[in-house]
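A short worksheet on the structure shown next.
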Number of protein chains: 2
Amino acid sequence: MDSSPHHQDTNNIDSSFDNYQDNKEIIVTPWEVSGEIEDRMYIKLIEKFGTQGLSQDLIEKFRKLTGEVHPLIKSQYFFSHRDLDWLLTKYENGDPFYLYTGRGPSGFIHIGHILPWLFTKYLQDKFGSKLLFQFTDDEKFLYNPRATRETISKYTAENILDIIAIGFQPNLTRIIIDTQHINYLYPIATEIAKKITFSTAKAVFGFTNTTNLGMIGFPPIQAAPCFLPSIIEKKPTPVLIPAAIDQDPYWRITRDIAVKLGFYKPAQIHSKFLPSLSRISKMSSSKPETAIFTTDEPEIVEKKVLSSFTGGQATISLQKKLGGNADICPVYAYLRYFFDNEKESLERYIRCKSGNLLCGECKSDLADNTKTFIIDFKRKREKAKDKVKDFMFDEKCLQ
Amino acid sequence: MDSSPHHQDTNNIDSSFDNYQDNKEIIVTPWEVSGEIEDRMYIKLIEKFGTQGLSQDLIEKFRKLTGEVHPLIKSQYFFSHRDLDWLLTKYENGDPFYLYTGRGPSGFIHIGHILPWLFTKYLQDKFGSKLLFQFTDDEKFLYNPRATRETISKYTAENILDIIAIGFQPNLTRIIIDTQHINYLYPIATEIAKKITFSTAKAVFGFTNTTNLGMIGFPPIQAAPCFLPSIIEKKPTPVLIPAAIDQDPYWRITRDIAVKLGFYKPAQIHSKFLPSLSRISKMSSSKPETAIFTTDEPEIVEKKVLSSFTGGQATISLQKKLGGNADICPVYAYLRYFFDNEKESLERYIRCKSGNLLCGECKSDLADNTKTFIIDFKRKREKAKDKVKDFMFDEKCLQ
C-alpha cells in the first residue's frame, strides 16, 4: 500500500481543554462538551487537536467533484479535517472510500444530532460511498452509572429509526450495534488494543484510577470500524469519518496505530456543535427543554422554539436601537444551518444586526420550518420500522 | 436468592508475590509462575490469597457425595478452595452446579495441564455437572508481544482436540472461544467491567502505564462465564471453578462484584502446579524440553523422562548412603499424581528416602507409564477431530 496520510497529528494532548481563554472554561471530550461555545473556540480546537482548517483549495477540490459547495461547508458548520485532501485524491485516482459515523444511544435524537448525518447522506449520494454506522451502546452503558442495559437498548432501537429516516441508501449502508455485532469488531479491536498503552489512553481520554475497566477497554471498539472496510474489501481501503469534533480523540489514537496494522489512517471531517436553545452550548439530550427531539409533537416543537434563548436585546426599543447579536443566537444558527439558503441567511443577519428584525419573526420562521421538518421526519421514522433488518450488518457483509 | 458465600476474600493484595521467604523469590500471577516451587509455598499462598485449605470436614463431605476421596485430593494436588463447602451444601439441597474452567492457548498441551481437567471430568461424572470450557485466545494474543492471531488460532484448534480427548461428556460440555463466542460474553462482561475500577485491577493484576488496553479490558471477559450459567438457567446458579491457583486473582475480583449483579460468587478448588522435568518449577510450554506434550512421539517422551532432573544424589553410592529427596523430585511427583496408587507411592517414597531405590527405576517406571498414557491419549485426540462441532457453544445453549 502507498504510505497514507501526511499531516502530523498532535498527540498526547490533554483533551480536557480547560481555559482556552483565561476567563472561559470549555471542556471538549467524547463524553463532555460544556461551557459557552463561540466560533473562535473552534479555531483554538484546530490548534489544540492538531487538525487542519478547510482551506479554499480543499473546498475547491470538493466543488470539482460534487459540482457545488455544500451549504454546511459554506456556512463553516464543517470546519476542520484530517487528510480529506488525501482521501479526495485517492478517490480521483479510482480508490473509492467508505464513510463511517455513529451514535451513542443515550437518549432520543435531537436535530443537533441530525445535521452531520444529513451531510453524511449527501456524501454517500455524491460519492456512492458505503457507510458503516456504529451504535456504541456499550460505551453509553459503561459511561453512565445510572444507565441500565435495558434503557440503552430501548434508545438504540428508537435511534435506529432516526438513522434510517435520514434516507441512507439501504444497499450501501450497514448498522453495527456494538453489543450485537461485537463478534465482527472484537478480533480487530484486540489488534488495536494491543498497540495502545494505558499511558497513551490516559493522556488522550483523561482516564483515572476510578475509571471502570469497560471505559478503558472501549476505545479500540470505537476504532474497529475504521479498519473493517479494509477487511470487507480485502485491501487497504480509505475511510472518511464525518462527525462532531468532540470525537476526535478516538481517531487520533486510531490514526497512530493504523499504519502499524497495515491500514490507512482514517480521514475525518469535523463539524461544530449545534447550540442548545437555552444558551450557547451544545444541544443536549440530558436537558430536554433545550433540544428539539425527532419524537417531539409539533406543538412541543413550537413551544420550545418560541421560548428559546436568542441574541436579541431586552426590549423592542433597545433591539431597534442597538441591533441583535446573531453571532450568539441559537435561533439564527438553526435557521442558517437547517433552513435558510446563503442569501436568506445573510439578509437575516444584516437585518438583525441593524435592528430591523425582531426575535419574534425569527422564532416564528424557525418554528414553522422545524414543525414541517419534524412532521415529515416522523413520517419517515414510522416507515423505517419495516426496514430495520435491511440495514443490519451481518455475515454477508464479509463475503 | 439466598446470600451466597461466606468467607471474606482478601482483596487488593499485591499478587506479584515476591519473597515469600527472605531467600526465595516466587512470582504467582495469571501470567507468570516462577521460582522454586515447594510444598510450603502453597501454605503461604493460602494466606496471601485469602483462600481456605481443604479441611478434613470438607474432604469428608466430598467423600459422602462421591463415595471416595479422589487421589488428587488425597495427594493434596488440590489443596485450597473458596466456598466449596457452600457449593456442596447447595448441591445436597437440590441445587446443581456448573463447572467452569479454561485454557489459554499459547502452545501445545503438556501433561501438567491435563491433571486439573481429569479432575474436572471426574466432577462432571460424579455430579452430572454441565461444564463451560473457555479458550482465552484473546488474552494470549494480547499478552505476548510476538503472538499473532494466526498462531494463537492454530493452538486453539490443536488444544480443543486435547480437551475433547479428556473425555468430557458432549451433552454436558460446551467450549467457548473468546474471539468466536464474544457475542455471548460481551454483554455480561460490560456489566462486570462497569463495576471494576482501574485502581482495583491495578492492585490485583499489577497493571502499569505500559500495559496495553486489551489486557486491562480482559479480566471481565474471563469473569463472564462465571455468570453465564445463571443466564442460561434463568436463575442464580452455583459455579465451581477447578483450576491452578495462579488464576485466583480473576475470581477474586469476580467474587467482589457477583452479588452486586445478582449472581452467586463462583466457588473454586485450587490445584498446585505440576513441576517441570528440569527443576522444581511449573512445567512450561515455553521450555519444551521440560514438558511432555500430548503431541510428542513416544520416543521423545521416553527421552525427556530419562533426561529429567530428579531428587537423586550425584552417585549411586551416595544415593545408597544418603537416600534420595523425593520431595523435590519431579519424577516422583508425576508418578504420584498420575500413575501410582496411594500405597505404591508411599512405598516408593520410603524406598527412595532410605536409599533402596535408584533414580533409574523411577525414570523407567515413569517413561513406561507416560508412553502408554500418551499413546492412548493421541488415539483419543485423533478421534476428537470428528467431534469438535458437538462441543461448541452456540445459540441453542441459551434456549
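Identifiers in this document derive from the order of the C-alpha cells: chains are assigned A, B, ..., residues are numbered from 1 separately in each chain, and ligands are numbered from 1 in order of occurrence.
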| field | Contacts of stretch 164-181 of chain B within 9 Å, only C-alpha atoms, excl. fewer than 6 positions in-chain, as a ChimeraX atom specification | value | /A:183,186-187 /B:102,114,117-118,120-122,124-125,128-139,156,221-222,225,377-385,387-388,390-394,397
Any chance you could lay chain A over chain B, fitting all C-alpha atoms in order by least squares, and write the moved chain as a compact mmCIF listing (two decimals) with C-alpha atoms, in the first residue's frame?
```txt
# COMPACT_ATOMS: atom_id res chain seq x y z
CA MET A 1 -31.67 -15.64 46.11
CA ASP A 2 -30.09 -16.66 49.37
CA SER A 3 -26.97 -14.83 50.32
CA SER A 4 -24.04 -16.62 48.85
CA PRO A 5 -20.57 -17.36 50.08
CA HIS A 6 -19.46 -16.65 53.53
CA HIS A 7 -15.73 -16.41 53.57
CA GLN A 8 -14.17 -12.99 53.32
CA ASP A 9 -11.78 -12.81 50.40
CA THR A 10 -8.52 -11.01 50.87
CA ASN A 11 -8.53 -8.29 48.28
CA ASN A 12 -6.23 -5.76 46.77
CA ILE A 13 -3.21 -7.76 47.72
CA ASP A 14 -0.17 -7.57 45.57
CA SER A 15 -0.27 -10.79 43.61
CA SER A 16 3.26 -10.39 42.38
CA PHE A 17 4.08 -12.47 45.39
CA ASP A 18 7.76 -11.66 45.84
CA ASN A 19 9.92 -12.96 48.64
CA TYR A 20 7.56 -15.32 50.39
CA GLN A 21 10.69 -16.17 52.25
CA ASP A 22 13.63 -13.85 52.45
CA ASN A 23 15.80 -16.00 50.26
CA LYS A 24 13.23 -17.27 47.75
CA GLU A 25 11.69 -15.22 45.03
CA ILE A 26 8.41 -16.62 43.79
CA ILE A 27 6.06 -14.91 41.37
CA VAL A 28 2.49 -16.20 41.06
CA THR A 29 0.21 -14.24 38.74
CA PRO A 30 -2.09 -15.44 35.94
CA TRP A 31 0.75 -14.73 33.49
CA GLU A 32 3.80 -15.82 35.37
CA VAL A 33 4.70 -18.56 37.81
CA SER A 34 8.40 -18.60 38.48
CA GLY A 35 10.84 -19.53 41.17
CA GLU A 36 11.44 -22.79 42.99
CA ILE A 37 8.06 -24.15 43.96
CA GLU A 38 7.96 -26.22 47.09
CA ASP A 39 5.04 -27.54 49.08
CA ARG A 40 5.39 -24.98 51.86
CA MET A 41 4.91 -22.23 49.27
CA TYR A 42 1.32 -23.36 48.86
CA ILE A 43 0.56 -22.82 52.53
CA LYS A 44 1.83 -19.26 52.11
CA LEU A 45 -0.36 -18.81 49.03
CA ILE A 46 -3.46 -19.78 51.02
CA GLU A 47 -2.63 -17.02 53.49
CA LYS A 48 -1.67 -14.43 50.87
CA PHE A 49 -4.63 -15.05 48.57
CA GLY A 50 -7.08 -15.45 51.47
CA THR A 51 -8.36 -18.84 50.34
CA GLN A 52 -9.20 -21.86 52.56
CA GLY A 53 -7.26 -25.10 52.94
CA LEU A 54 -9.22 -28.30 52.29
CA SER A 55 -10.26 -29.30 55.83
CA GLN A 56 -10.89 -32.86 56.94
CA ASP A 57 -14.57 -31.99 57.41
CA LEU A 58 -14.81 -30.77 53.84
CA ILE A 59 -12.99 -33.80 52.47
CA GLU A 60 -15.40 -35.99 54.44
CA LYS A 61 -18.38 -34.10 52.97
CA PHE A 62 -16.93 -34.70 49.52
CA ARG A 63 -16.47 -38.40 50.31
CA LYS A 64 -20.10 -38.75 51.37
CA LEU A 65 -21.24 -37.43 48.01
CA THR A 66 -18.75 -39.21 45.73
CA GLY A 67 -18.26 -42.42 47.70
CA GLU A 68 -14.47 -41.94 47.89
CA VAL A 69 -11.70 -39.45 48.29
CA HIS A 70 -10.24 -38.71 44.87
CA PRO A 71 -6.48 -39.39 44.65
CA LEU A 72 -5.78 -35.78 43.63
CA ILE A 73 -7.43 -34.61 46.85
CA LYS A 74 -5.75 -37.32 48.91
CA SER A 75 -2.37 -36.35 47.46
CA GLN A 76 -3.13 -32.67 48.13
CA TYR A 77 -2.67 -31.76 44.47
CA PHE A 78 -5.94 -29.90 45.04
CA PHE A 79 -5.16 -28.11 48.25
CA SER A 80 -7.25 -24.98 48.57
CA HIS A 81 -10.74 -23.65 47.84
CA ARG A 82 -13.26 -20.87 48.13
CA ASP A 83 -16.83 -21.75 49.16
CA LEU A 84 -16.62 -25.40 48.14
CA ASP A 85 -18.45 -26.25 51.38
CA TRP A 86 -21.26 -23.85 50.47
CA LEU A 87 -21.47 -25.29 46.96
CA LEU A 88 -21.69 -28.89 48.20
CA THR A 89 -24.42 -27.92 50.67
CA LYS A 90 -26.35 -26.30 47.84
CA TYR A 91 -25.91 -29.52 45.85
CA GLU A 92 -27.16 -31.63 48.77
CA ASN A 93 -30.20 -29.37 48.89
CA GLY A 94 -31.01 -29.99 45.25
CA ASP A 95 -29.19 -27.11 43.56
CA PRO A 96 -26.90 -28.53 40.86
CA PHE A 97 -23.75 -26.61 39.95
CA TYR A 98 -21.91 -25.82 36.72
CA LEU A 99 -18.20 -26.42 36.28
CA TYR A 100 -16.13 -23.76 34.58
CA THR A 101 -12.50 -23.99 33.62
CA GLY A 102 -10.35 -23.02 30.67
CA ARG A 103 -7.18 -22.83 28.71
CA GLY A 104 -4.98 -20.04 27.38
CA PRO A 105 -3.99 -21.44 23.97
CA SER A 106 -0.40 -20.21 23.80
CA GLY A 107 1.18 -23.54 22.84
CA PHE A 108 0.64 -27.28 22.79
CA ILE A 109 -0.85 -29.06 25.78
CA HIS A 110 1.53 -30.77 28.20
CA ILE A 111 0.54 -33.26 30.84
CA GLY A 112 0.87 -30.59 33.54
CA HIS A 113 -2.19 -28.98 32.00
CA ILE A 114 -4.17 -32.18 31.89
CA LEU A 115 -4.36 -33.03 35.57
CA PRO A 116 -6.94 -30.40 36.64
CA TRP A 117 -9.03 -31.32 33.60
CA LEU A 118 -9.00 -35.01 34.51
CA PHE A 119 -10.31 -33.97 37.90
CA THR A 120 -12.88 -31.71 36.25
CA LYS A 121 -14.09 -34.65 34.20
CA TYR A 122 -14.32 -36.71 37.40
CA LEU A 123 -16.48 -33.99 38.97
CA GLN A 124 -18.65 -33.87 35.86
CA ASP A 125 -19.19 -37.62 35.99
CA LYS A 126 -19.86 -37.71 39.75
CA PHE A 127 -22.12 -34.65 39.98
CA GLY A 128 -23.64 -34.68 36.48
CA SER A 129 -22.45 -31.10 36.10
CA LYS A 130 -22.60 -29.03 32.95
CA LEU A 131 -19.19 -27.65 32.04
CA LEU A 132 -18.24 -24.40 30.31
CA PHE A 133 -14.70 -24.58 28.96
CA GLN A 134 -13.24 -21.22 27.92
CA PHE A 135 -10.37 -20.67 25.46
CA THR A 136 -8.87 -17.27 26.23
CA ASP A 137 -7.35 -16.82 22.80
CA ASP A 138 -7.77 -13.05 23.09
CA GLU A 139 -5.71 -12.88 26.28
CA LYS A 140 -2.90 -14.99 24.84
CA PHE A 141 -2.74 -12.78 21.76
CA LEU A 142 -2.80 -9.62 23.87
CA TYR A 143 -0.24 -10.75 26.42
CA ASN A 144 2.57 -11.90 24.18
CA PRO A 145 4.04 -9.14 21.98
CA ARG A 146 5.23 -11.73 19.47
CA ALA A 147 1.96 -13.70 19.26
CA THR A 148 -0.05 -13.39 16.07
CA ARG A 149 -3.76 -14.12 15.80
CA GLU A 150 -2.93 -16.89 13.34
CA THR A 151 -0.57 -18.70 15.72
CA ILE A 152 -2.99 -18.45 18.63
CA SER A 153 -5.78 -19.65 16.38
CA LYS A 154 -3.71 -22.69 15.36
CA TYR A 155 -3.03 -23.60 19.01
CA THR A 156 -6.70 -23.11 19.84
CA ALA A 157 -7.71 -25.66 17.22
CA GLU A 158 -5.00 -28.08 18.44
CA ASN A 159 -5.84 -27.65 22.13
CA ILE A 160 -9.55 -28.26 21.55
CA LEU A 161 -8.66 -31.79 20.48
CA ASP A 162 -6.94 -32.32 23.83
CA ILE A 163 -9.97 -31.05 25.73
CA ILE A 164 -12.27 -33.43 23.88
CA ALA A 165 -9.74 -36.27 24.38
CA ILE A 166 -10.03 -35.77 28.15
CA GLY A 167 -13.43 -37.44 27.80
CA PHE A 168 -15.85 -34.72 28.86
CA GLN A 169 -19.49 -35.61 28.19
CA PRO A 170 -20.56 -33.96 24.91
CA ASN A 171 -24.13 -33.37 26.06
CA LEU A 172 -22.93 -31.59 29.23
CA THR A 173 -19.90 -29.71 27.89
CA ARG A 174 -19.62 -26.54 25.84
CA ILE A 175 -16.43 -24.88 24.61
CA ILE A 176 -16.32 -21.08 24.41
CA ILE A 177 -13.59 -19.48 22.27
CA ASP A 178 -13.39 -15.84 23.28
CA THR A 179 -12.90 -14.34 19.82
CA GLN A 180 -15.53 -16.61 18.28
CA HIS A 181 -18.14 -16.50 21.03
CA ILE A 182 -17.57 -12.97 22.24
CA ASN A 183 -21.18 -12.06 21.43
CA TYR A 184 -22.31 -14.34 24.28
CA LEU A 185 -19.72 -12.98 26.71
CA TYR A 186 -19.64 -9.28 25.89
CA PRO A 187 -22.97 -8.05 27.27
CA ILE A 188 -22.35 -9.62 30.68
CA ALA A 189 -18.66 -8.62 30.52
CA THR A 190 -19.70 -4.96 30.19
CA GLU A 191 -21.81 -5.34 33.35
CA ILE A 192 -18.76 -6.73 35.12
CA ALA A 193 -16.36 -4.17 33.65
CA LYS A 194 -18.55 -1.32 34.81
CA LYS A 195 -18.11 -2.44 38.43
CA ILE A 196 -14.31 -2.74 38.45
CA THR A 197 -12.12 0.36 38.64
CA PHE A 198 -8.64 0.62 37.20
CA SER A 199 -7.31 1.05 40.69
CA THR A 200 -8.70 -2.35 41.80
CA ALA A 201 -7.41 -4.08 38.67
CA LYS A 202 -4.02 -2.45 39.10
CA ALA A 203 -3.73 -3.79 42.66
CA VAL A 204 -4.86 -7.31 41.75
CA PHE A 205 -3.07 -7.79 38.42
CA GLY A 206 -0.20 -5.34 38.69
CA PHE A 207 -1.18 -3.35 35.58
CA THR A 208 1.09 -0.38 34.80
CA ASN A 209 1.24 2.55 32.40
CA THR A 210 2.80 0.31 29.75
CA THR A 211 0.07 -2.36 29.95
CA ASN A 212 -1.95 -2.41 26.74
CA LEU A 213 -5.68 -1.58 26.74
CA GLY A 214 -6.57 -5.13 25.77
CA MET A 215 -5.00 -6.67 28.85
CA ILE A 216 -6.73 -4.08 31.05
CA GLY A 217 -10.07 -4.78 29.40
CA PHE A 218 -9.63 -8.55 29.55
CA PRO A 219 -10.45 -9.62 33.15
CA PRO A 220 -14.22 -9.10 32.66
CA ILE A 221 -14.08 -11.47 29.65
CA GLN A 222 -12.58 -14.20 31.82
CA ALA A 223 -15.11 -13.43 34.56
CA ALA A 224 -18.14 -13.62 32.22
CA PRO A 225 -18.49 -17.43 32.10
CA CYS A 226 -18.90 -17.40 35.91
CA PHE A 227 -22.30 -15.80 35.36
CA LEU A 228 -23.30 -17.34 32.05
CA PRO A 229 -24.80 -20.41 33.80
CA SER A 230 -27.24 -18.13 35.63
CA ILE A 231 -28.22 -16.56 32.31
CA ILE A 232 -28.60 -19.99 30.66
CA GLU A 233 -30.62 -21.40 33.57
CA LYS A 234 -32.53 -18.13 34.07
CA LYS A 235 -31.84 -18.21 37.85
CA PRO A 236 -28.77 -17.74 40.06
CA THR A 237 -26.76 -20.91 39.55
CA PRO A 238 -23.73 -22.12 41.56
CA VAL A 239 -20.47 -22.50 39.66
CA LEU A 240 -17.32 -24.38 40.68
CA ILE A 241 -13.99 -23.52 39.07
CA PRO A 242 -11.31 -26.22 39.27
CA ALA A 243 -8.03 -24.54 38.24
CA ALA A 244 -4.45 -23.93 39.29
CA ILE A 245 -4.14 -21.27 41.95
CA ASP A 246 -2.41 -18.75 39.66
CA GLN A 247 -5.83 -17.94 38.19
CA ASP A 248 -7.19 -16.91 41.59
CA PRO A 249 -6.86 -13.12 41.02
CA TYR A 250 -9.54 -13.33 38.32
CA TRP A 251 -11.98 -15.04 40.64
CA ARG A 252 -11.20 -12.71 43.50
CA ILE A 253 -12.39 -9.64 41.55
CA THR A 254 -15.28 -11.65 40.09
CA ARG A 255 -16.44 -12.65 43.57
CA ASP A 256 -16.25 -9.01 44.67
CA ILE A 257 -18.86 -7.89 42.19
CA ALA A 258 -21.00 -11.06 41.86
CA VAL A 259 -23.61 -10.18 44.47
CA LYS A 260 -23.94 -6.60 43.19
CA LEU A 261 -24.97 -8.10 39.84
CA GLY A 262 -27.39 -10.60 41.39
CA PHE A 263 -25.24 -13.72 40.95
CA TYR A 264 -23.60 -16.20 43.33
CA LYS A 265 -19.90 -15.82 43.93
CA PRO A 266 -18.12 -18.54 41.94
CA ALA A 267 -16.68 -21.28 44.16
CA GLN A 268 -13.20 -22.59 43.45
CA ILE A 269 -10.97 -25.56 44.07
CA HIS A 270 -7.30 -24.75 43.54
CA SER A 271 -4.59 -27.08 42.35
CA LYS A 272 -0.85 -26.85 42.69
CA PHE A 273 1.38 -26.58 39.63
CA LEU A 274 2.85 -29.74 38.21
CA PRO A 275 6.64 -29.38 38.33
CA SER A 276 8.75 -29.24 35.19
CA LEU A 277 11.23 -31.96 34.39
CA SER A 278 14.20 -29.63 34.85
CA ARG A 279 13.87 -28.10 38.31
CA ILE A 280 11.11 -27.51 40.82
CA SER A 281 9.13 -25.00 38.80
CA LYS A 282 5.94 -25.04 36.76
CA MET A 283 5.98 -27.20 33.63
CA SER A 284 6.02 -24.70 30.81
CA SER A 285 5.18 -24.70 27.12
CA SER A 286 7.82 -22.06 26.62
CA LYS A 287 10.55 -24.52 27.63
CA PRO A 288 9.59 -27.54 25.51
CA GLU A 289 12.40 -29.75 26.79
CA THR A 290 10.97 -29.59 30.32
CA ALA A 291 7.42 -30.60 29.43
CA ILE A 292 5.80 -33.70 27.97
CA PHE A 293 3.36 -32.66 25.29
CA THR A 294 0.35 -34.69 24.23
CA THR A 295 1.66 -34.27 20.70
CA ASP A 296 5.10 -35.72 21.49
CA GLU A 297 6.07 -38.99 19.83
CA PRO A 298 6.58 -41.90 22.31
CA GLU A 299 10.37 -41.95 21.80
CA ILE A 300 10.53 -38.21 22.61
CA VAL A 301 8.47 -38.82 25.74
CA GLU A 302 10.91 -41.51 26.81
CA LYS A 303 13.92 -39.33 26.07
CA LYS A 304 12.50 -36.40 28.04
CA VAL A 305 11.68 -38.56 31.05
CA LEU A 306 15.06 -40.29 31.05
CA SER A 307 16.90 -36.96 31.00
CA SER A 308 14.68 -35.42 33.68
CA PHE A 309 16.00 -33.75 36.79
CA THR A 310 15.36 -35.90 39.92
CA GLY A 311 15.78 -35.64 43.67
CA GLY A 312 18.58 -38.22 43.53
CA GLN A 313 22.16 -37.91 44.80
CA ALA A 314 25.14 -37.38 42.54
CA THR A 315 26.31 -41.02 42.65
CA ILE A 316 24.80 -44.42 43.30
CA SER A 317 26.85 -44.88 46.41
CA LEU A 318 25.76 -41.52 47.84
CA GLN A 319 22.15 -42.37 46.95
CA LYS A 320 22.42 -45.67 48.84
CA LYS A 321 24.06 -43.93 51.78
CA LEU A 322 21.97 -40.72 52.05
CA GLY A 323 18.74 -41.62 50.26
CA GLY A 324 17.02 -39.49 47.62
CA ASN A 325 14.92 -36.37 48.03
CA ALA A 326 11.47 -37.36 46.76
CA ASP A 327 9.99 -34.09 47.99
CA ILE A 328 11.69 -32.06 45.27
CA CYS A 329 11.68 -34.79 42.59
CA PRO A 330 9.49 -34.17 39.53
CA VAL A 331 9.70 -37.85 38.53
CA TYR A 332 8.28 -38.80 41.90
CA ALA A 333 5.61 -36.11 41.59
CA TYR A 334 4.45 -37.30 38.19
CA LEU A 335 4.28 -40.92 39.32
CA ARG A 336 2.40 -39.85 42.45
CA TYR A 337 -0.19 -37.64 40.75
CA PHE A 338 -0.66 -39.60 37.54
CA PHE A 339 0.15 -43.25 37.90
CA ASP A 340 0.91 -44.65 41.38
CA ASN A 341 -1.91 -45.44 43.73
CA GLU A 342 -1.62 -44.26 47.32
CA LYS A 343 0.08 -47.42 48.56
CA GLU A 344 2.54 -47.58 45.66
CA SER A 345 3.44 -43.95 46.07
CA LEU A 346 4.11 -44.31 49.79
CA GLU A 347 6.28 -47.38 49.23
CA ARG A 348 8.22 -45.54 46.52
CA TYR A 349 8.72 -42.60 48.87
CA ILE A 350 10.06 -44.78 51.69
CA ARG A 351 12.35 -46.78 49.39
CA CYS A 352 13.74 -43.53 47.90
CA LYS A 353 14.35 -41.75 51.20
CA SER A 354 16.03 -44.83 52.68
CA GLY A 355 18.41 -45.25 49.72
CA ASN A 356 16.82 -48.47 48.52
CA LEU A 357 15.58 -47.05 45.21
CA LEU A 358 17.68 -45.61 42.41
CA CYS A 359 16.49 -42.88 40.04
CA GLY A 360 16.79 -45.15 37.02
CA GLU A 361 13.94 -47.34 38.26
CA CYS A 362 11.60 -44.38 38.82
CA LYS A 363 12.49 -42.86 35.46
CA SER A 364 11.87 -46.18 33.78
CA ASP A 365 8.49 -46.55 35.55
CA LEU A 366 7.52 -43.03 34.57
CA ALA A 367 8.69 -43.43 30.96
CA ASP A 368 6.69 -46.64 30.53
CA ASN A 369 3.55 -45.25 32.12
CA THR A 370 3.74 -41.94 30.28
CA LYS A 371 4.34 -43.56 26.91
CA THR A 372 1.29 -45.77 27.40
CA PHE A 373 -0.74 -42.79 28.52
CA ILE A 374 0.34 -40.59 25.63
CA ILE A 375 -0.23 -43.32 23.00
CA ASP A 376 -3.76 -43.77 24.32
CA PHE A 377 -4.33 -40.02 24.56
CA LYS A 378 -3.13 -39.42 20.99
CA ARG A 379 -5.66 -42.00 19.80
CA LYS A 380 -8.46 -40.16 21.60
CA ARG A 381 -7.12 -36.89 20.23
CA GLU A 382 -7.39 -38.23 16.69
CA LYS A 383 -10.97 -39.31 17.27
CA ALA A 384 -11.75 -35.87 18.68
CA LYS A 385 -11.34 -34.31 15.24
CA ASP A 386 -14.82 -35.49 14.26
CA LYS A 387 -16.45 -34.23 17.44
CA VAL A 388 -15.38 -30.58 17.61
CA LYS A 389 -18.69 -29.22 16.40
CA ASP A 390 -20.65 -31.12 19.05
CA PHE A 391 -18.75 -29.31 21.80
CA MET A 392 -19.09 -25.72 20.58
CA PHE A 393 -21.18 -23.21 22.46
CA ASP A 394 -23.99 -21.81 20.33
CA GLU A 395 -27.35 -20.08 20.32
CA LYS A 396 -29.11 -23.29 21.37
CA CYS A 397 -27.33 -23.17 24.74
CA LEU A 398 -29.40 -20.12 25.62
CA GLN A 399 -32.77 -21.52 24.59
```
| request: Just list the residues in stretch 61-238 of chain B DSSP gives alpha helix (DSSP H) on the backbone, as a ChimeraX atom specification. | output: /B:61-66,71-74,84-92,111-127,137-143,149-165,178-194,198-205,213-217,219-223,228-233
